[in-house]
Amino acid sequence: MFFRRAGPSYFTATLAKTPRQTISRALRECHAFGRKRIMDVIVIGGGIGGIATAYQLHAAGHRVCVIERHATVAQGATYGHGGPMLPSPLDVWFGPTFMGTRRANKTGIVFKPGFDTATRDFAKKLALLRDPDAFAAQYARLRPLVDLSRRMIGEIEAAFDLDYEQRTGVLHVFRRERELEQAAPAIELLKRFDVPHRVLTPEECIAAEPSVPGDPPFAGGVLLTDERTANCPLFTKQLKQILEERGVEFRLGREAASIRLDGSRAAVELMPLDSALNGAREVELIAADAIVVAAGIGTPGLLGRVNAKLPLHPLRLHTLTAPIAYEEHAPHITVVDSIKRIAMTRVNQRLRVAGGAVLQSEAKTVRPLGAGLVDRVIALLGQGTHDWIPGAAKVSAARTWEGLRLLSPDGLPVVGATDHARVFVNAAHGPAGWGLACGSAKVVADLVSGLTPDIPADTLAALRIDRF
């Protein structure tokens with residue numbers, strides 16, 4: 001066994017069937033090395049959550065190493081984000097308009113729990129937030145994180161003058177009057193939190209976005225005049241480049257197999273670059289002063305030794321990316337089927353259509369969808385495009401994507417400290433706006449630094465991992 005530096009300050013140990021007492025000694029020596037005000041922090045995950053966290057930690061003066069199992073960043077769930085940056089009351093994946101029935105053609109969500117009780121219980125907990133009062137209270141807890149996220153994104157844009165295909169304006173459309181009535185609690189919250197918006201008649205919707213057809217008739221819409229959409233993977237890769245230029249270390253193509261704990265210390269066990277090396281059991285151990293788990297769908301497994309099993313559920317999302325067919329039919333603002341939660345965003349000469357969620361048992365989620373179910377989901381997205389922006393894109397030439405995102409039973413992300421003093425988490429932001437990861441990253445960086453985050457105490461409590 002030997003120690004060597006892996007970057008500016010990280011001790012690593014190459015271990016092969018290493019005795020427990022030797023691992024403990026390695027952790028103690030690494031801990032002693034890192035006992036200082038400026039800390040060495042490992043971030044697990046190269047999606048938007050991990051890269052945003054690495055950015056904030058670096059901005060706070062810490063030395064950061066990012067571990068990502070793909071060959072580059074933004075290759076998991078981040079790759080398929082549909083565009084909306086921050087969630088309004090109309091965008092969150094809970095509330096009065098969320099999954100009011102179990103019919104996919106009415107909700108845009110395929111619910112296939114089978115005989116799995118856990119999945120049914122998860123859906124029932126989310127259904128409790130359809131009550132208008134419960135919905136309003138839960139969104140009020142989330143709102144300070146939305147505001148913080150907006151500030152963090154604004155600071156990054158101002159500092160680096162980034163262009164990641166941002167667009168302003170989001171139009172939520174409703175087919176039936178009763179659907180618009182269901183959205184009334186969300187519209188009230190828009191007023192309560194002074195979110196710039198306009199409730200529009202069908203004619204006003206068409207004037208705001210001429211690609212929306214007047215036939216068949218629809219009930220109306222809500223225009224969020226200042227809300228933005230953007231290319232999340234591009235933003236993530238730009239941040240990664242900035243961090244790399246400033247000395248943040250990236251371990252790409254490495255799998256974080258587990259977190260090893262020893263008293264007040266923590267380390268990450270990395271699998272070899274080639275995991276098929278004749279069945280070799282040799283692993284690499286990297287220890288630091290703090291570890292942040294932002295590993296998306298892999299987060300619960302990595303935290304299994306720190307916290308009890310988290311009630312986070314994988315949700316399979318889909319995206320179609322199609323070339324623009326006719327310029328005159330292409331939308332200039334994002335159009336969202338608010339009930340089916342299908343977002344249609346123009347990205348240069350492409351149209352990105354995101355949604356088509358499949359909620360099923362965890363065991364089935366980790367396996368590929370059957371061909372029939374895939375066709376059903378893609379048809380939902382294609383139909384949404386045909387309904388609201390017909391002729392805008394060549395759907396037949398679309399590239400499809402599917403990926404998994406974690407959703408919590410109360411609709412809020414999991415952000416902050418864990419039961420171990422050296423381990424933190426930034427995960428489960430759901431499909432409701434990738435920008436939330438940026439505010440969550442600031443919360444985590446403050447906590448790692450021993451500072452009080454700039455959000456109310458009830459919001460911080462609502463995000464904690466032990467709230468379940």
# chains A, B, ... in the order shown; residues from 1 in each chain; ligands from 1
call {"tool": "residues_around", "arguments": {"residues": "Lys442 (chain A)", "least_positions_apart": "2", "cutoff": "9 Å", "atoms": "only C-alpha atoms", "output": "PyMOL selection string"}}
result
chain A and resi 52-53+55-57+148-149+152+437-440+444-447+453-454
call {"tool": "write_last_selection", "arguments": {"atoms": "C-alpha atoms", "output": "PDB file, in the first residue's frame"}}
result
ATOM      1  CA  ALA A  52     -22.863  23.715  -9.529  1.00  0.00           C
ATOM      2  CA  THR A  53     -21.780  22.459  -6.103  1.00  0.00           C
ATOM      3  CA  TYR A  55     -18.445  25.899  -8.432  1.00  0.00           C
ATOM      4  CA  GLN A  56     -19.815  27.211  -5.148  1.00  0.00           C
ATOM      5  CA  LEU A  57     -17.288  25.277  -3.071  1.00  0.00           C
ATOM      6  CA  LEU A 148     -31.575  32.009  -4.188  1.00  0.00           C
ATOM      7  CA  SER A 149     -31.089  29.928  -7.341  1.00  0.00           C
ATOM      8  CA  MET A 152     -26.703  32.408  -8.106  1.00  0.00           C
ATOM      9  CA  ALA A 437     -29.421  22.773  -8.297  1.00  0.00           C
ATOM     10  CA  CYS A 438     -27.549  26.091  -8.390  1.00  0.00           C
ATOM     11  CA  GLY A 439     -29.240  27.497  -5.295  1.00  0.00           C
ATOM     12  CA  SER A 440     -28.958  24.141  -3.568  1.00  0.00           C
ATOM     13  CA  VAL A 444     -24.341  23.054   0.589  1.00  0.00           C
ATOM     14  CA  ALA A 445     -21.227  25.210   0.178  1.00  0.00           C
ATOM     15  CA  ASP A 446     -22.311  27.415   3.089  1.00  0.00           C
ATOM     16  CA  LEU A 447     -22.930  24.407   5.316  1.00  0.00           C
ATOM     17  CA  PRO A 453     -27.297  29.561   4.400  1.00  0.00           C
ATOM     18  CA  ASP A 454     -29.175  32.606   3.173  1.00  0.00           C
TER      19      ASP A 454
END
call {"tool": "closest_atom_pairs", "arguments": {"of": "region 88-156 of chain A", "to": "region 204-228 of chain A", "cutoff": "12 Å", "atoms": "only C-alpha atoms", "output": "JSON lines"}}
result
{"residue": "A:Ser88", "atom": "CA", "partner": "A:Glu227", "partner_atom": "CA", "distance": 8.4}
{"residue": "A:Pro89", "atom": "CA", "partner": "A:Leu224", "partner_atom": "CA", "distance": 10.8}
{"residue": "A:Leu90", "atom": "CA", "partner": "A:Val222", "partner_atom": "CA", "distance": 9.0}
{"residue": "A:Asp91", "atom": "CA", "partner": "A:Leu224", "partner_atom": "CA", "distance": 11.0}
{"residue": "A:Val146", "atom": "CA", "partner": "A:Glu227", "partner_atom": "CA", "distance": 11.6}
{"residue": "A:Arg150", "atom": "CA", "partner": "A:Glu227", "partner_atom": "CA", "distance": 10.1}
{"residue": "A:Ile153", "atom": "CA", "partner": "A:Arg228", "partner_atom": "CA", "distance": 11.4}
{"residue": "A:Gly154", "atom": "CA", "partner": "A:Arg228", "partner_atom": "CA", "distance": 11.9}
call {"tool": "residues_around", "arguments": {"residues": "Gly45 (chain A)", "least_positions_apart": "4", "cutoff": "6 Å", "atoms": "only C-alpha atoms", "output": "ChimeraX atom specification"}}
result
/A:50,67-68,294-295
call {"tool": "write_last_selection", "arguments": {"atoms": "C-alpha atoms", "output": "mmCIF file, in the first residue's frame"}}
result
data_model
loop_
_atom_site.group_PDB
_atom_site.id
_atom_site.type_symbol
_atom_site.label_atom_id
_atom_site.label_comp_id
_atom_site.auth_asym_id
_atom_site.auth_seq_id
_atom_site.Cartn_x
_atom_site.Cartn_y
_atom_site.Cartn_z
ATOM 1 C CA GLY A 50 -22.368 18.255 -8.869
ATOM 2 C CA ILE A 67 -15.754 12.347 -9.537
ATOM 3 C CA GLU A 68 -17.890 11.401 -12.536
ATOM 4 C CA ALA A 294 -24.694 14.805 -6.001
ATOM 5 C CA ALA A 295 -24.828 11.577 -7.952
#
call {"tool": "residues_around", "arguments": {"residues": "Pro323 (chain A)", "least_positions_apart": "5", "cutoff": "10 Å", "atoms": "only C-alpha atoms", "output": "ChimeraX atom specification"}}
result
/A:346-352,392-399
call {"tool": "write_last_selection", "arguments": {"atoms": "C-alpha atoms", "output": "compact mmCIF listing (two decimals), in the first residue's frame"}}
result
# COMPACT_ATOMS: atom_id res chain seq x y z
CA ARG A 346 -36.80 25.96 -29.18
CA VAL A 347 -33.02 25.55 -29.00
CA ASN A 348 -31.53 27.28 -32.05
CA GLN A 349 -32.62 25.17 -35.05
CA ARG A 350 -33.99 22.36 -32.91
CA LEU A 351 -37.09 21.78 -30.88
CA ARG A 352 -36.76 19.98 -27.56
CA ALA A 392 -42.99 23.21 -35.98
CA ALA A 393 -40.67 20.21 -35.96
CA LYS A 394 -39.81 17.08 -37.91
CA VAL A 395 -40.88 14.69 -35.19
CA SER A 396 -40.20 11.70 -37.44
CA ALA A 397 -36.52 12.72 -37.48
CA ALA A 398 -36.31 13.32 -33.72
CA ARG A 399 -33.57 11.92 -31.52
call {"tool": "select_by_dssp", "arguments": {"residues": "region 82-231 of chain A", "states": "helix (DSSP H, G or I)", "output": "PyMOL selection string"}}
result
chain A and resi 104-107+117-130+132-160+177-182+184-192+202-208
call {"tool": "atom_distance", "arguments": {"atom1": "CA of Trp93 (chain A)", "atom2": "CA of Ala432 (chain A)"}}
result
6.3 Å
